[in-house]
Amino acid sequence: MTELSEVQFRVRDLVERGRFEQARKMLPEAFSLGPDDFDNHCLAGRVALELEDYEAAYSSVARALELHPSSIDAGLLMFSVHRHSGQFPDAERIILELLRDNPDDSQMFACYAELMLRTLHLEKAGALAAEALRLDPTQSLARMVNLLVRIIEGDREGAVAELEELVRDDPNALQAAWGIVAVLQSEHRYGEALDVMRGILHSAPDDGSIVEALVELRTASHWSTIPLWP
């Protein structure tokens, strides 16, 4: 293993353990060993994305794509930059381009489904999730989208129980579930948001932050607050 590879391995390890500030502090060492290394730019983009520095993330991933325009990993990373920063049309354009070249990739269908769920295009989200699950029945993001669509459309009892199991076993599903709670809150769809929150709570009943968020959501949805809604 080269010196650069060793540094990149350590950065990836920090990222996987959620220690993003430490990873960012180590990146200059990686760039000193490979100023225009493709993996360095991808790592820098991922770290910046996790730290919600979307401008830096875009810059790093754009450079990675200049070096390797056909890279699927860099393309998906750019999709994530646009999705997390709220640039949904750009995110959709990128995922469509990726799907055009990779029509049998279940992960890409699942990512597209989650994007459509985030914009509350429920019918399209459900269809895309179904296609992802047809290609790979174990695809966890697609399963999560499928469950959330069912909850929002009213199939709540069984779907909430399944969601509880999924978010307990998959941190990415938990993150996506929190994301749709925020979207539903912004649309004042408090009933559906509460159902999703119950699934999250049951997956970690001792997590005080989840209980606190559920209480705040119940307070926001109370009839007495309706005059305060925009």
# chains A, B, ... in the order shown; residues from 1 in each chain; ligands from 1
$ residues_around --residues "stretch 158-165 of chain A" --least-positions-apart "5" --cutoff "10 Å" --atoms "only C-alpha atoms" --output "ChimeraX atom specification"
/A:143-152,170,173-174,177,195-204
$ residues_around --residues "stretch 91-108 of chain A" --least-positions-apart "6" --cutoff "6 Å" --atoms "only C-alpha atoms" --output "list in words"
Phe79, His82, Arg83, Ala132 and Leu135 of chain A
$ residues_around --residues "A:Ala64" --least-positions-apart "6" --cutoff "12 Å" --atoms "only C-alpha atoms" --output "count of residues only"
23
$ residues_around --residues "stretch 125-131 of chain A" --least-positions-apart "3" --cutoff "7 Å" --atoms "only C-alpha atoms" --output "ChimeraX atom specification"
/A:109-110,112-114,116-117,121-122,134-135,142,145-146,149
$ residues_around --residues "stretch 12-18 of chain A" --least-positions-apart "3" --cutoff "8 Å" --atoms "only C-alpha atoms" --output "PyMOL selection string"
chain A and resi 8-9+22-23+43+47
$ residues_around --residues "A:Ala30" --least-positions-apart "3" --cutoff "6 Å" --atoms "only C-alpha atoms" --output "ChimeraX atom specification"
/A:7,27,33
$ atom_distance --atom1 "atom CA of A:Pro89" --atom2 "atom CA of A:Leu49"
18.3 Å
$ select_by_dssp --residues "stretch 104-194 of chain A" --states "helix (DSSP H, G or I)" --output "ChimeraX atom specification"
/A:106-118,122-135,140-152,157-169,171-186,190-194
$ write_last_selection --atoms "C-alpha atoms" --output "tab-separated table (two decimals), in the first residue's frame"
chain	number	residue	atom	x	y	z
A	106	SER	CA	-31.42	-0.97	-8.22
A	107	GLN	CA	-29.58	1.62	-6.11
A	108	MET	CA	-30.13	4.33	-8.72
A	109	PHE	CA	-33.84	3.55	-8.95
A	110	ALA	CA	-33.99	3.69	-5.14
A	111	CYS	CA	-32.19	7.05	-5.06
A	112	TYR	CA	-34.59	8.43	-7.66
A	113	ALA	CA	-37.53	7.06	-5.67
A	114	GLU	CA	-36.30	8.78	-2.49
A	115	LEU	CA	-35.93	12.06	-4.40
A	116	MET	CA	-39.51	11.81	-5.65
A	117	LEU	CA	-40.69	10.99	-2.14
A	118	ARG	CA	-38.88	14.04	-0.80
A	122	LEU	CA	-45.89	9.74	-4.22
A	123	GLU	CA	-47.13	7.74	-7.20
A	124	LYS	CA	-43.82	8.12	-9.03
A	125	ALA	CA	-41.84	7.37	-5.86
A	126	GLY	CA	-43.80	4.16	-5.34
A	127	ALA	CA	-43.32	3.03	-8.94
A	128	LEU	CA	-39.57	3.69	-8.83
A	129	ALA	CA	-39.23	1.88	-5.49
A	130	ALA	CA	-41.14	-1.09	-6.93
A	131	GLU	CA	-38.71	-1.24	-9.87
A	132	ALA	CA	-35.72	-1.09	-7.53
A	133	LEU	CA	-37.16	-3.95	-5.47
A	134	ARG	CA	-37.85	-5.96	-8.61
A	135	LEU	CA	-34.16	-5.68	-9.46
A	140	SER	CA	-33.12	-1.14	1.89
A	141	LEU	CA	-33.61	2.41	0.58
A	142	ALA	CA	-36.30	1.20	-1.82
A	143	ARG	CA	-37.98	-0.72	1.01
A	144	MET	CA	-37.95	2.44	3.11
A	145	VAL	CA	-39.50	4.53	0.32
A	146	ASN	CA	-42.15	1.88	-0.23
A	147	LEU	CA	-43.06	1.89	3.46
A	148	LEU	CA	-43.17	5.68	3.71
A	149	VAL	CA	-45.40	5.94	0.65
A	150	ARG	CA	-47.75	3.40	2.24
A	151	ILE	CA	-47.84	5.39	5.49
A	152	ILE	CA	-48.53	8.70	3.74
A	157	GLU	CA	-50.53	-0.01	10.93
A	158	GLY	CA	-48.48	-2.66	9.13
A	159	ALA	CA	-46.20	-0.15	7.43
A	160	VAL	CA	-45.22	1.56	10.71
A	161	ALA	CA	-44.24	-1.80	12.22
A	162	GLU	CA	-42.13	-2.66	9.16
A	163	LEU	CA	-40.54	0.79	9.22
A	164	GLU	CA	-39.61	0.29	12.86
A	165	GLU	CA	-37.67	-2.85	11.97
A	166	LEU	CA	-36.00	-1.28	8.95
A	167	VAL	CA	-34.74	1.91	10.62
A	168	ARG	CA	-33.48	-0.13	13.59
A	169	ASP	CA	-31.27	-2.18	11.30
A	171	PRO	CA	-28.82	3.88	9.67
A	172	ASN	CA	-29.38	5.15	6.11
A	173	ALA	CA	-33.07	4.28	6.33
A	174	LEU	CA	-33.27	6.14	9.63
A	175	GLN	CA	-31.72	9.23	8.06
A	176	ALA	CA	-34.15	9.10	5.15
A	177	ALA	CA	-37.09	8.64	7.52
A	178	TRP	CA	-36.07	11.78	9.43
A	179	GLY	CA	-35.86	13.60	6.10
A	180	ILE	CA	-39.43	12.77	5.13
A	181	VAL	CA	-40.63	13.82	8.60
A	182	ALA	CA	-39.16	17.27	7.92
A	183	VAL	CA	-40.82	17.41	4.49
A	184	LEU	CA	-44.21	16.40	5.89
A	185	GLN	CA	-43.89	18.96	8.69
A	186	SER	CA	-43.14	21.70	6.18
A	190	TYR	CA	-48.72	16.31	10.74
A	191	GLY	CA	-50.72	13.08	10.89
A	192	GLU	CA	-48.44	11.33	8.41
A	193	ALA	CA	-45.35	12.86	10.06
A	194	LEU	CA	-46.49	11.52	13.45
$ atom_distance --atom1 "atom CA of A:Phe88" --atom2 "atom CA of A:Ala56"
18.2 Å
